[in-house]
Amino acid sequence: MSDTAAGLLQAGLLLVALAVVYRPLGDYMARVFSTEKHTKAERGLYRLFRVNPGSEQHWKTYASAVIGFSFVSVVLLYLLQRLQAILPWSLGKEPVSPAVAFNTAVSFVTNTNWQSYSPEATMGHFVQMAGLTVQNFLSAAVGIAVAVAVVRGFVRSKTDRLGNFWVDLTRGTIRILLPIAFVAAIVLIALGVVQSLKSGVDVLNPDGSTSKIALAPAASQEAIKELGTNGGGIFNANSSHPFENPNAWTNLIEIFLILVIPVSLTRTFGKLVGNTKQGYVLLSVMAGLWTAMLAVTWLSEANASGPASLAAGANMEGKEQRFGIGLSSLFANSTTGTSTGAVNSMHDSYSGLGGGGTLLNMLLGEISPGGVGTGLYGILVMAVIAMFLAGLMVGRTPEYLGKKLGKREVTCAAVSMLAMPTVVLLGAGIALMNPGNLAALNNPGAHGLSEVLYAYASAGNNNGSAFAGITVTNDWFQSSLGVAMLLGRFIPILAVLCLAGSLASQRKVPETAGTLPTTGPLFGTMLAGTIVLVAALTFIPALALGPIAEALA
């Protein structure tokens with residue numbers, strides 16, 4: 001079977017699998033966050049942590065809980081790394097340095113999972129499992145909780161309550177992420193993904209010497225790293241490592257895990273607002289952007305340019321032979337279209353246009369289909385902006401889902417929308433202005449600029465993938481990228497919760513002849529156009545100096 005045929009077959013199987021689970025999983029998640037019943041395990045946790053599950057929170061209280069929980073998580077994960085040497089299953093590893101420990105703690109708590117270290121050489125099994133894997137669950141559950149709170153803002157009226165963060169966090173973890181990740185881990189083990197608590201295994205080299213190949217509990221972390229759109233690898237080669245992703249079937253399952261919750265949450269949204277067509281419109285926009293960017297990346301990598309690529313028949317540098325162009329492009333597009341950051345190929349080795357496609361996926365705001373929870377509330381922000389622009393064109397106060405979009409609502413949406421571009425462009429610009437940082441670039445010219453822009457786009461969008469040609473181990477990059485992750489995560493969260501609180505306090509207005517329908521192709525086209533227009537106006541100058549200039553060279 002040719003590489004193209006294999007890629008098309010896997011893409012087809014992926015779409016079929018997502019279509020099969022879309023309705024049942026989306027409906028199930030809607031029931032999880034709308035039922036008033038609590039399981040015995042949940043009630044035990046509420047008693048342990050003194051949570052009243054029957055109480056609901058004002059948006060400011062909900063936001064304070066998100067920030068407070070995340071702050072405590074950063075501190076605990078930082079301490080785990082710094083105390084690694086005295087912890088069990090440390091495998092003789094030294095304490096993680098302060099700068100790397102800070103960057104990693106922020107990275108995993110913000111669902112970024114940017115890694116500026118070699119995992120098998122830096123982290124013992126205990127820190128990997130009790131620290132990083134736990135945060136893979138909790139950071140994803142935070143994203144789902146915020147998304148559900150935002151949806152409640154559209155559903156409720158004349159109230160200042162958005163639900164209970166602790167209840168939403170617990171249900172997202174116990175009822176959604178844990179059971180799916182458990183099943184996925186077993187499937188991955190059956191297909192060859194490693195699950196071991198040994199430090200490694202000795203192998204005999206041809207010259208008679210021995211080398212140790214690192215082992216780890218990879219399958220359990222691989223399942224939730226993809227399902228929670230986290231992305232941090234337990235091995236330095238991430239999902240291109242044969243112990244994490246050994247064959248085409250594991251590759252398909254891992255891409256499926258990356259996409260399944262963000263895609264199905266559009267169905268959850270439709271069920272919660274009482275109109276599933278609303279979810280279908282959001283899904284169609286996400287799918288259209290995902291497909292367009294997949295075509296750009298795949299075609300760019302398949303069309304060889306340069307002596308090495310022409311000899312190989314395609315741009316195979318940085319790609320595993322067992323995956324080829326098609327499966328590598330499919331993975332790259334899915335991981336940068338969400339906030340995952342896992343890679344089965346090296347994005348830094350992509351062509352100018354192919355690498356630019358992965359970069360643009362993030363600069364669109366990672367809403368195609370976006371991360372777990374973050375993709376849903378991200379595209380809802382863009383829907384608010386699109387309706388505001390439509391209102392300006394017809395001279396009418398905009399409405400969306402029966403709620404007026406006034407000054408406060410549009411301001412909250414604008415703050416959420418502008419946070420990422422501000423973080424990315426300022427961060428990259430300041431980094432390039434510092435002559436000392438130029439030594440970190442392994443490539444000059446347009447590609448070097450793309451490496452820096454990609455790094456801050458990845459941090460500001462809480463993605464975590466990298467153009468690996470840049471060395472980010474100095475204190476400047478460790479600190480500045482950590483700050484970019486924090487701002488890129490929590491400014492949008494605060495803004496969308498403020499938006500949800502304002503919407504929830506309103507009374508629903510009835511539809512009239514002047515109300516723009518939001519369940520048809522007109523609104524979908526307008527929403528997609530707004531997303532592309534905002535990204536183009538914001539990032540075209542930077543892209544022109546980086547990937548576009550490289551592609552035209």
# chains A, B, ... in the order shown; residues from 1 in each chain; ligands from 1
>>> residues_around(residues="Leu426 of chain A", least_positions_apart="2", cutoff="12 Å", atoms="only C-alpha atoms", output="JSON list (two decimals) with all heavy atoms, in the first residue's frame")
[["chain", "number", "residue", "atom", "x", "y", "z"],
["A", 418, "LEU", "N", -7.80, 38.54, 22.41],
["A", 418, "LEU", "CA", -6.54, 39.26, 22.20],
["A", 418, "LEU", "C", -5.42, 38.81, 23.12],
["A", 418, "LEU", "O", -4.26, 39.18, 22.91],
["A", 418, "LEU", "CB", -6.78, 40.77, 22.37],
["A", 418, "LEU", "CG", -7.68, 41.42, 21.33],
["A", 418, "LEU", "CD1", -7.98, 42.87, 21.71],
["A", 418, "LEU", "CD2", -7.04, 41.36, 19.94],
["A", 419, "ALA", "N", -5.74, 38.03, 24.15],
["A", 419, "ALA", "CA", -4.71, 37.62, 25.11],
["A", 419, "ALA", "C", -3.61, 36.82, 24.44],
["A", 419, "ALA", "O", -2.42, 37.09, 24.61],
["A", 419, "ALA", "CB", -5.35, 36.81, 26.25],
["A", 420, "MET", "N", -3.98, 35.83, 23.64],
["A", 420, "MET", "CA", -2.99, 34.98, 23.00],
["A", 420, "MET", "C", -2.10, 35.74, 22.02],
["A", 420, "MET", "O", -0.86, 35.64, 22.10],
["A", 420, "MET", "CB", -3.68, 33.79, 22.32],
["A", 420, "MET", "CG", -2.73, 32.83, 21.62],
["A", 420, "MET", "SD", -2.35, 33.28, 19.89],
["A", 420, "MET", "CE", -3.94, 32.98, 19.11],
["A", 421, "PRO", "N", -2.66, 36.52, 21.07],
["A", 421, "PRO", "CA", -1.77, 37.26, 20.17],
["A", 421, "PRO", "C", -0.82, 38.20, 20.89],
["A", 421, "PRO", "O", 0.35, 38.35, 20.50],
["A", 421, "PRO", "CB", -2.75, 38.05, 19.28],
["A", 421, "PRO", "CG", -4.02, 37.28, 19.33],
["A", 421, "PRO", "CD", -4.08, 36.69, 20.70],
["A", 422, "THR", "N", -1.29, 38.83, 21.96],
["A", 422, "THR", "CA", -0.44, 39.73, 22.73],
["A", 422, "THR", "C", 0.74, 38.98, 23.34],
["A", 422, "THR", "O", 1.90, 39.41, 23.25],
["A", 422, "THR", "CB", -1.25, 40.43, 23.83],
["A", 422, "THR", "OG1", -2.35, 41.14, 23.24],
["A", 422, "THR", "CG2", -0.39, 41.39, 24.62],
["A", 423, "VAL", "N", 0.44, 37.85, 23.95],
["A", 423, "VAL", "CA", 1.49, 37.04, 24.57],
["A", 423, "VAL", "C", 2.49, 36.55, 23.53],
["A", 423, "VAL", "O", 3.71, 36.61, 23.72],
["A", 423, "VAL", "CB", 0.86, 35.85, 25.33],
["A", 423, "VAL", "CG1", 1.93, 34.84, 25.74],
["A", 423, "VAL", "CG2", 0.11, 36.35, 26.56],
["A", 424, "VAL", "N", 1.98, 36.07, 22.40],
["A", 424, "VAL", "CA", 2.85, 35.48, 21.37],
["A", 424, "VAL", "C", 3.75, 36.53, 20.73],
["A", 424, "VAL", "O", 4.97, 36.36, 20.65],
["A", 424, "VAL", "CB", 1.99, 34.78, 20.30],
["A", 424, "VAL", "CG1", 2.87, 34.34, 19.12],
["A", 424, "VAL", "CG2", 1.27, 33.59, 20.90],
["A", 428, "ALA", "N", 7.73, 36.77, 21.54],
["A", 428, "ALA", "CA", 8.68, 36.50, 20.47],
["A", 428, "ALA", "C", 9.51, 37.73, 20.13],
["A", 428, "ALA", "O", 10.73, 37.64, 19.88],
["A", 428, "ALA", "CB", 7.93, 36.00, 19.23],
["A", 429, "GLY", "N", 8.87, 38.89, 20.12],
["A", 429, "GLY", "CA", 9.58, 40.12, 19.79],
["A", 429, "GLY", "C", 10.67, 40.44, 20.80],
["A", 429, "GLY", "O", 11.80, 40.79, 20.43],
["A", 430, "ILE", "N", 10.35, 40.33, 22.09],
["A", 430, "ILE", "CA", 11.34, 40.62, 23.14],
["A", 430, "ILE", "C", 12.47, 39.61, 23.08],
["A", 430, "ILE", "O", 13.66, 39.96, 23.25],
["A", 430, "ILE", "CB", 10.66, 40.63, 24.52],
["A", 430, "ILE", "CG1", 9.67, 41.79, 24.62],
["A", 430, "ILE", "CG2", 11.69, 40.72, 25.63],
["A", 430, "ILE", "CD1", 8.81, 41.76, 25.87],
["A", 431, "ALA", "N", 12.14, 38.34, 22.84],
["A", 431, "ALA", "CA", 13.18, 37.31, 22.77],
["A", 431, "ALA", "C", 14.15, 37.59, 21.62],
["A", 431, "ALA", "O", 15.37, 37.43, 21.77],
["A", 431, "ALA", "CB", 12.54, 35.94, 22.59],
["A", 432, "LEU", "N", 13.63, 38.02, 20.47],
["A", 432, "LEU", "CA", 14.49, 38.29, 19.32],
["A", 432, "LEU", "C", 15.31, 39.57, 19.50],
["A", 432, "LEU", "O", 16.38, 39.72, 18.90],
["A", 432, "LEU", "CB", 13.65, 38.39, 18.06],
["A", 432, "LEU", "CG", 13.05, 37.07, 17.56],
["A", 432, "LEU", "CD1", 12.01, 37.32, 16.49],
["A", 432, "LEU", "CD2", 14.15, 36.14, 17.04],
["A", 433, "MET", "N", 14.82, 40.49, 20.33],
["A", 433, "MET", "CA", 15.56, 41.72, 20.59],
["A", 433, "MET", "C", 16.76, 41.49, 21.48],
["A", 433, "MET", "O", 17.69, 42.31, 21.50],
["A", 433, "MET", "CB", 14.64, 42.77, 21.23],
["A", 433, "MET", "CG", 13.61, 43.35, 20.28],
["A", 433, "MET", "SD", 12.42, 44.40, 21.16],
["A", 433, "MET", "CE", 13.51, 45.62, 21.88],
["A", 452, "VAL", "N", 11.39, 30.75, 16.99],
["A", 452, "VAL", "CA", 11.02, 31.58, 18.14],
["A", 452, "VAL", "C", 9.52, 31.83, 18.16],
["A", 452, "VAL", "O", 8.86, 31.72, 19.21],
["A", 452, "VAL", "CB", 11.79, 32.91, 18.12],
["A", 452, "VAL", "CG1", 11.36, 33.79, 19.28],
["A", 452, "VAL", "CG2", 13.30, 32.66, 18.18],
["A", 453, "LEU", "N", 8.95, 32.17, 17.02],
["A", 453, "LEU", "CA", 7.51, 32.43, 16.93],
["A", 453, "LEU", "C", 6.73, 31.18, 17.32],
["A", 453, "LEU", "O", 5.72, 31.25, 18.03],
["A", 453, "LEU", "CB", 7.15, 32.87, 15.52],
["A", 453, "LEU", "CG", 5.68, 33.28, 15.28],
["A", 453, "LEU", "CD1", 5.31, 34.48, 16.13],
["A", 453, "LEU", "CD2", 5.45, 33.58, 13.80],
["A", 456, "TYR", "N", 6.68, 30.61, 21.25],
["A", 456, "TYR", "CA", 5.75, 31.44, 22.02],
["A", 456, "TYR", "C", 4.30, 31.18, 21.61],
["A", 456, "TYR", "O", 3.39, 31.31, 22.44],
["A", 456, "TYR", "CB", 6.12, 32.91, 21.89],
["A", 456, "TYR", "CG", 7.33, 33.25, 22.73],
["A", 456, "TYR", "CD1", 8.62, 33.18, 22.19],
["A", 456, "TYR", "CD2", 7.20, 33.57, 24.07],
["A", 456, "TYR", "CE1", 9.73, 33.45, 22.97],
["A", 456, "TYR", "CE2", 8.31, 33.84, 24.86],
["A", 456, "TYR", "CZ", 9.57, 33.77, 24.31],
["A", 456, "TYR", "OH", 10.67, 34.01, 25.09],
["A", 457, "ALA", "N", 4.08, 30.78, 20.34],
["A", 457, "ALA", "CA", 2.73, 30.37, 19.94],
["A", 457, "ALA", "C", 2.32, 29.12, 20.68],
["A", 457, "ALA", "O", 1.17, 28.98, 21.13],
["A", 457, "ALA", "CB", 2.67, 30.14, 18.43],
["A", 460, "GLY", "N", 1.83, 30.25, 24.45],
["A", 460, "GLY", "CA", 0.68, 31.12, 24.62],
["A", 460, "GLY", "C", -0.64, 30.44, 24.34],
["A", 460, "GLY", "O", -1.69, 30.83, 24.87],
["A", 480, "SER", "N", 10.33, 33.13, 30.69],
["A", 480, "SER", "CA", 9.39, 33.86, 29.82],
["A", 480, "SER", "C", 8.34, 32.93, 29.21],
["A", 480, "SER", "O", 7.17, 33.30, 29.09],
["A", 480, "SER", "CB", 10.16, 34.59, 28.71],
["A", 480, "SER", "OG", 10.82, 33.68, 27.86],
["A", 481, "LEU", "N", 8.74, 31.73, 28.85],
["A", 481, "LEU", "CA", 7.76, 30.79, 28.32],
["A", 481, "LEU", "C", 6.80, 30.34, 29.41],
["A", 481, "LEU", "O", 5.60, 30.11, 29.16],
["A", 481, "LEU", "CB", 8.47, 29.58, 27.70],
["A", 481, "LEU", "CG", 9.20, 29.86, 26.39],
["A", 481, "LEU", "CD1", 10.05, 28.65, 25.97],
["A", 481, "LEU", "CD2", 8.23, 30.22, 25.27],
["A", 483, "VAL", "N", 5.79, 32.24, 31.92],
["A", 483, "VAL", "CA", 4.84, 33.35, 32.06],
["A", 483, "VAL", "C", 3.85, 33.35, 30.90],
["A", 483, "VAL", "O", 2.65, 33.59, 31.08],
["A", 483, "VAL", "CB", 5.61, 34.69, 32.12],
["A", 483, "VAL", "CG1", 4.65, 35.87, 32.05],
["A", 483, "VAL", "CG2", 6.44, 34.76, 33.41],
["A", 484, "ALA", "N", 4.33, 33.06, 29.68],
["A", 484, "ALA", "CA", 3.45, 33.00, 28.52],
["A", 484, "ALA", "C", 2.38, 31.93, 28.70],
["A", 484, "ALA", "O", 1.20, 32.13, 28.35],
["A", 484, "ALA", "CB", 4.26, 32.73, 27.26],
["A", 542, "ALA", "N", 4.09, 38.67, 10.82],
["A", 542, "ALA", "CA", 5.07, 37.76, 11.42],
["A", 542, "ALA", "C", 5.25, 36.51, 10.56],
["A", 542, "ALA", "O", 6.38, 36.04, 10.35],
["A", 542, "ALA", "CB", 4.62, 37.37, 12.83]]
>>> select_by_dssp(residues="segment 244-484 of chain A", states="helix (DSSP H, G or I)", output="JSON, numbers by chain")
{"A": [248, 249, 250, 251, 252, 253, 254, 255, 256, 257, 258, 259, 260, 261, 262, 263, 264, 265, 266, 267, 268, 269, 270, 271, 272, 273, 276, 277, 278, 279, 280, 281, 282, 283, 284, 285, 286, 287, 288, 289, 290, 291, 292, 293, 294, 295, 296, 297, 298, 299, 300, 301, 302, 307, 308, 309, 310, 311, 312, 324, 325, 326, 327, 328, 329, 330, 331, 332, 333, 334, 335, 336, 337, 347, 348, 349, 352, 353, 354, 355, 356, 357, 358, 359, 360, 361, 362, 363, 374, 375, 376, 377, 378, 379, 380, 381, 382, 383, 384, 385, 386, 387, 388, 389, 390, 391, 392, 393, 394, 407, 408, 409, 410, 411, 412, 413, 414, 415, 416, 417, 418, 419, 420, 421, 422, 423, 424, 425, 426, 427, 428, 429, 430, 431, 432, 433, 435, 436, 437, 438, 439, 440, 445, 446, 447, 448, 449, 450, 451, 452, 453, 454, 455, 456, 457, 458, 459, 460, 475, 476, 477, 478, 479, 480, 481, 482, 483, 484]}
>>> closest_atom_pairs(of="segment 398-498 of chain A", to="segment 385-390 of chain A", cutoff="7 Å", atoms="only C-alpha atoms", output="JSON lines")
{"residue": "A:Pro398", "atom": "CA", "partner": "A:Phe388", "partner_atom": "CA", "distance": 5.5}
{"residue": "A:Glu399", "atom": "CA", "partner": "A:Met387", "partner_atom": "CA", "distance": 6.8}
{"residue": "A:Tyr400", "atom": "CA", "partner": "A:Met387", "partner_atom": "CA", "distance": 6.9}
{"residue": "A:Val410", "atom": "CA", "partner": "A:Ile385", "partner_atom": "CA", "distance": 6.9}
{"residue": "A:Ala413", "atom": "CA", "partner": "A:Ile385", "partner_atom": "CA", "distance": 6.9}
>>> residues_around(residues="Gln81 of chain A", least_positions_apart="4", cutoff="9 Å", atoms="only C-alpha atoms", output="list in words")
Leu76, Leu77, Ala85, Pro95, Val96, Ser97, Pro98, Ala101, Thr104, Ala105, Met123, Val127 and Gly131 of chain A
>>> closest_residue(among="A:Asn434, A:Thr512, A:Gln10, A:Ser416", to="Asn251 of chain A", atoms="only C-alpha atoms")
A:Gln10
>>> residues_around(residues="segment 162-168 of chain A", least_positions_apart="6", cutoff="10 Å", atoms="only C-alpha atoms", output="tab-separated table (two decimals) with N, CA and C atoms, in the first residue's frame")
chain	number	residue	atom	x	y	z
A	32	VAL	N	-23.67	14.13	32.44
A	32	VAL	CA	-22.73	14.24	33.57
A	32	VAL	C	-22.83	15.61	34.23
A	33	PHE	N	-22.94	16.66	33.42
A	33	PHE	CA	-22.91	18.01	33.98
A	33	PHE	C	-24.29	18.63	34.19
A	34	SER	N	-25.34	17.85	33.99
A	34	SER	CA	-26.69	18.38	34.24
A	34	SER	C	-27.43	17.62	35.32
A	38	HIS	N	-25.04	12.47	42.80
A	38	HIS	CA	-23.60	12.32	43.04
A	38	HIS	C	-23.31	10.86	43.35
A	42	GLU	N	-17.79	10.33	44.75
A	42	GLU	CA	-17.81	11.80	44.72
A	42	GLU	C	-18.22	12.37	46.07
A	43	ARG	N	-19.24	11.78	46.68
A	43	ARG	CA	-19.68	12.28	48.00
A	43	ARG	C	-18.57	12.14	49.02
A	45	LEU	N	-15.32	12.31	48.43
A	45	LEU	CA	-14.36	13.38	48.17
A	45	LEU	C	-14.88	14.72	48.66
A	46	TYR	N	-16.16	14.97	48.49
A	46	TYR	CA	-16.73	16.24	48.95
A	46	TYR	C	-16.63	16.36	50.48
A	49	PHE	N	-12.87	17.01	51.46
A	49	PHE	CA	-12.38	18.36	51.18
A	49	PHE	C	-13.36	19.46	51.58
A	51	VAL	N	-16.49	20.22	50.78
A	51	VAL	CA	-17.19	20.87	49.67
A	51	VAL	C	-18.67	20.59	49.80
A	52	ASN	N	-19.47	21.63	49.69
A	52	ASN	CA	-20.92	21.48	49.68
A	52	ASN	C	-21.35	21.37	48.21
A	53	PRO	N	-21.66	20.17	47.73
A	53	PRO	CA	-21.97	20.02	46.30
A	53	PRO	C	-23.28	20.67	45.89
A	54	GLY	N	-24.11	21.01	46.86
A	54	GLY	CA	-25.38	21.65	46.53
A	54	GLY	C	-25.28	23.15	46.34
A	55	SER	N	-24.15	23.74	46.72
A	55	SER	CA	-24.00	25.19	46.59
A	55	SER	C	-23.46	25.54	45.21
A	56	GLU	N	-23.87	26.69	44.70
A	56	GLU	CA	-23.37	27.15	43.41
A	56	GLU	C	-22.61	28.46	43.60
A	57	GLN	N	-21.80	28.80	42.62
A	57	GLN	CA	-20.85	29.89	42.77
A	57	GLN	C	-21.09	31.02	41.78
A	58	HIS	N	-20.89	32.24	42.25
A	58	HIS	CA	-20.82	33.41	41.39
A	58	HIS	C	-19.61	33.26	40.48
A	59	TRP	N	-19.61	33.93	39.32
A	59	TRP	CA	-18.49	33.73	38.39
A	59	TRP	C	-17.16	34.11	39.01
A	60	LYS	N	-17.15	35.11	39.88
A	60	LYS	CA	-15.89	35.49	40.52
A	60	LYS	C	-15.40	34.40	41.48
A	61	THR	N	-16.34	33.77	42.19
A	61	THR	CA	-15.97	32.68	43.09
A	61	THR	C	-15.50	31.48	42.30
A	62	TYR	N	-16.19	31.19	41.20
A	62	TYR	CA	-15.79	30.09	40.32
A	62	TYR	C	-14.38	30.33	39.78
A	63	ALA	N	-14.11	31.55	39.32
A	63	ALA	CA	-12.79	31.90	38.81
A	63	ALA	C	-11.73	31.81	39.89
A	64	SER	N	-12.07	32.26	41.10
A	64	SER	CA	-11.12	32.19	42.21
A	64	SER	C	-10.76	30.74	42.53
A	65	ALA	N	-11.75	29.85	42.43
A	65	ALA	CA	-11.49	28.44	42.68
A	65	ALA	C	-10.55	27.87	41.62
A	66	VAL	N	-10.76	28.24	40.36
A	66	VAL	CA	-9.87	27.78	39.28
A	66	VAL	C	-8.44	28.26	39.52
A	69	PHE	N	-6.93	26.63	42.82
A	69	PHE	CA	-6.59	25.22	42.61
A	69	PHE	C	-5.34	25.10	41.74
A	141	ALA	N	-9.47	18.38	33.17
A	141	ALA	CA	-10.77	18.53	33.84
A	141	ALA	C	-11.09	19.99	34.12
A	142	VAL	N	-10.07	20.81	34.39
A	142	VAL	CA	-10.30	22.24	34.57
A	142	VAL	C	-10.83	22.86	33.29
A	144	ILE	N	-12.55	21.39	30.89
A	144	ILE	CA	-13.93	20.97	30.70
A	144	ILE	C	-14.86	21.74	31.62
A	145	ALA	N	-14.44	21.92	32.88
A	145	ALA	CA	-15.28	22.63	33.86
A	145	ALA	C	-15.55	24.06	33.41
A	146	VAL	N	-14.53	24.76	32.94
A	146	VAL	CA	-14.71	26.15	32.49
A	146	VAL	C	-15.64	26.19	31.28
A	148	VAL	N	-18.04	24.13	30.52
A	148	VAL	CA	-19.41	23.88	30.97
A	148	VAL	C	-19.99	25.11	31.67
A	149	ALA	N	-19.17	25.80	32.45
A	149	ALA	CA	-19.63	27.02	33.12
A	149	ALA	C	-20.01	28.08	32.09
A	150	VAL	N	-19.24	28.20	31.01
A	150	VAL	CA	-19.55	29.17	29.97
A	150	VAL	C	-20.87	28.81	29.29
A	151	VAL	N	-21.10	27.54	29.03
A	151	VAL	CA	-22.36	27.12	28.40
A	151	VAL	C	-23.53	27.44	29.33
A	152	ARG	N	-23.35	27.26	30.62
A	152	ARG	CA	-24.42	27.60	31.57
A	152	ARG	C	-24.76	29.08	31.49
A	153	GLY	N	-23.77	29.91	31.18
A	153	GLY	CA	-24.05	31.33	31.04
A	153	GLY	C	-25.06	31.60	29.93
A	155	VAL	N	-27.30	29.31	28.92
A	155	VAL	CA	-28.53	28.57	29.22
A	155	VAL	C	-29.36	29.25	30.29
A	156	ARG	N	-28.71	29.76	31.32
A	156	ARG	CA	-29.43	30.29	32.48
A	156	ARG	C	-29.83	31.74	32.26
A	497	LEU	N	-15.21	33.46	31.88
A	497	LEU	CA	-16.08	33.31	33.05
A	497	LEU	C	-16.81	34.62	33.34
A	500	ALA	N	-19.55	34.65	30.86
A	500	ALA	CA	-20.62	33.73	31.26
A	500	ALA	C	-21.46	34.32	32.39
A	501	GLY	N	-20.80	34.96	33.35
A	501	GLY	CA	-21.55	35.58	34.45
A	501	GLY	C	-22.47	36.67	33.97
A	504	ALA	N	-25.43	35.01	32.10
A	504	ALA	CA	-26.37	34.33	33.00
A	504	ALA	C	-27.29	35.30	33.72
A	505	SER	N	-26.83	36.51	33.95
A	505	SER	CA	-27.64	37.49	34.67
A	505	SER	C	-28.74	38.09	33.81
>>> atom_distance(atom1="atom CA of Val281 of chain A", atom2="atom CA of Val415 of chain A")
24.0 Å
>>> residues_around(residues="segment 115-120 of chain A", least_positions_apart="6", cutoff="9 Å", atoms="only C-alpha atoms", output="ChimeraX atom specification")
/A:100,103-104,107,128,199,214-216,232-237,464-466,471-473,478
>>> residues_around(residues="Glu366 of chain A", least_positions_apart="2", cutoff="9 Å", atoms="only C-alpha atoms", output="list in words")
Thr336, Gly337, Thr338, Ser339, Leu360, Asn361, Met362, Leu363, Leu364, Ser368, Pro369, Gly370, Gly371, Thr374, Gly375, Gly378, Ile379, Asn461 and Asn463 of chain A
>>> write_last_selection(atoms="N, CA and C atoms", output="short mmCIF file (atom, residue, chain, number, x, y, z; two decimals), in the first residue's frame")
data_model
loop_
_atom_site.label_atom_id
_atom_site.label_comp_id
_atom_site.auth_asym_id
_atom_site.auth_seq_id
_atom_site.Cartn_x
_atom_site.Cartn_y
_atom_site.Cartn_z
N THR A 336 -1.61 20.08 16.60
CA THR A 336 -1.52 21.54 16.66
C THR A 336 -2.88 22.20 16.51
N GLY A 337 -3.86 21.46 15.98
CA GLY A 337 -5.22 21.99 15.94
C GLY A 337 -5.91 21.88 17.27
N THR A 338 -5.34 21.10 18.17
CA THR A 338 -5.79 21.02 19.57
C THR A 338 -4.66 21.56 20.44
N SER A 339 -4.85 21.55 21.74
CA SER A 339 -3.78 22.02 22.62
C SER A 339 -2.97 20.85 23.14
N LEU A 360 0.23 27.88 11.97
CA LEU A 360 -1.03 28.60 11.78
C LEU A 360 -2.18 27.93 12.52
N ASN A 361 -2.13 26.61 12.63
CA ASN A 361 -3.15 25.91 13.42
C ASN A 361 -3.25 26.50 14.82
N MET A 362 -2.09 26.76 15.43
CA MET A 362 -2.09 27.33 16.77
C MET A 362 -2.51 28.80 16.75
N LEU A 363 -2.07 29.53 15.74
CA LEU A 363 -2.36 30.96 15.69
C LEU A 363 -3.83 31.24 15.36
N LEU A 364 -4.55 30.25 14.85
CA LEU A 364 -6.00 30.40 14.68
C LEU A 364 -6.71 30.38 16.03
N SER A 368 -9.69 24.18 16.20
CA SER A 368 -10.03 23.28 15.10
C SER A 368 -9.56 21.83 15.40
N PRO A 369 -10.14 21.15 16.38
CA PRO A 369 -11.27 21.54 17.23
C PRO A 369 -10.88 22.10 18.60
N GLY A 370 -9.60 22.33 18.82
CA GLY A 370 -9.17 22.92 20.08
C GLY A 370 -8.95 21.87 21.17
N GLY A 371 -8.52 22.34 22.33
CA GLY A 371 -8.24 21.44 23.44
C GLY A 371 -9.50 21.00 24.15
N THR A 374 -11.17 23.90 26.21
CA THR A 374 -10.68 25.19 25.72
C THR A 374 -11.13 25.44 24.28
N GLY A 375 -11.21 24.39 23.49
CA GLY A 375 -11.66 24.56 22.11
C GLY A 375 -13.10 25.04 22.03
N GLY A 378 -13.30 28.61 23.36
CA GLY A 378 -12.59 29.47 22.41
C GLY A 378 -13.43 29.79 21.19
N ILE A 379 -14.12 28.80 20.63
CA ILE A 379 -14.93 29.06 19.44
C ILE A 379 -16.20 29.81 19.82
N ASN A 461 -0.62 29.40 23.50
CA ASN A 461 -1.82 28.63 23.19
C ASN A 461 -1.93 27.37 24.04
N ASN A 463 -0.12 24.73 23.93
CA ASN A 463 -0.01 23.55 23.08
C ASN A 463 1.10 22.63 23.56
#
>>> atom_distance(atom1="atom CA of Lys198 of chain A", atom2="atom CA of Glu222 of chain A")
17.1 Å
>>> closest_residue(among="A:Leu257, A:Leu15, A:Ala553, A:Val109", to="Asn462 of chain A", atoms="only C-alpha atoms")
A:Val109
>>> closest_residue(among="A:Ile186, A:Ala121, A:Ile258, A:Ile67", to="Arg489 of chain A", atoms="only C-alpha atoms")
A:Ile67
>>> closest_residue(among="A:Thr122, A:Pro521, A:Trp114, A:Val534", to="Ala455 of chain A", atoms="only C-alpha atoms")
A:Trp114
>>> select_by_dssp(residues="segment 74-244 of chain A", states="strand (DSSP E or B)", output="MDAnalysis selection string")
chainID A and resid 200:204 210:214
>>> write_last_selection(atoms="N, CA and C atoms", output="compact mmCIF listing (two decimals), in the first residue's frame")
# COMPACT_ATOMS: atom_id res chain seq x y z
N GLY A 200 15.09 0.37 33.10
CA GLY A 200 15.53 0.13 31.74
C GLY A 200 15.94 -1.32 31.57
N VAL A 201 16.37 -1.65 30.37
CA VAL A 201 16.81 -3.00 30.07
C VAL A 201 18.14 -2.93 29.33
N ASP A 202 19.06 -3.82 29.68
CA ASP A 202 20.37 -3.85 29.03
C ASP A 202 20.27 -4.61 27.71
N VAL A 203 20.87 -4.04 26.67
CA VAL A 203 20.90 -4.69 25.37
C VAL A 203 22.34 -4.82 24.92
N LEU A 204 22.62 -5.86 24.15
CA LEU A 204 23.96 -6.13 23.68
C LEU A 204 24.20 -5.45 22.34
N THR A 210 27.42 -3.22 26.16
CA THR A 210 25.99 -3.19 26.49
C THR A 210 25.53 -1.74 26.65
N SER A 211 24.28 -1.51 26.33
CA SER A 211 23.64 -0.20 26.52
C SER A 211 22.30 -0.42 27.22
N LYS A 212 21.86 0.60 27.92
CA LYS A 212 20.57 0.49 28.63
C LYS A 212 19.53 1.32 27.88
N ILE A 213 18.42 0.67 27.55
CA ILE A 213 17.29 1.35 26.93
C ILE A 213 16.27 1.65 28.03
N ALA A 214 15.89 2.91 28.15
CA ALA A 214 14.98 3.32 29.23
C ALA A 214 13.61 2.70 29.04
>>> residues_around(residues="Ser450 of chain A", least_positions_apart="2", cutoff="8 Å", atoms="only C-alpha atoms", output="count of residues only")
9
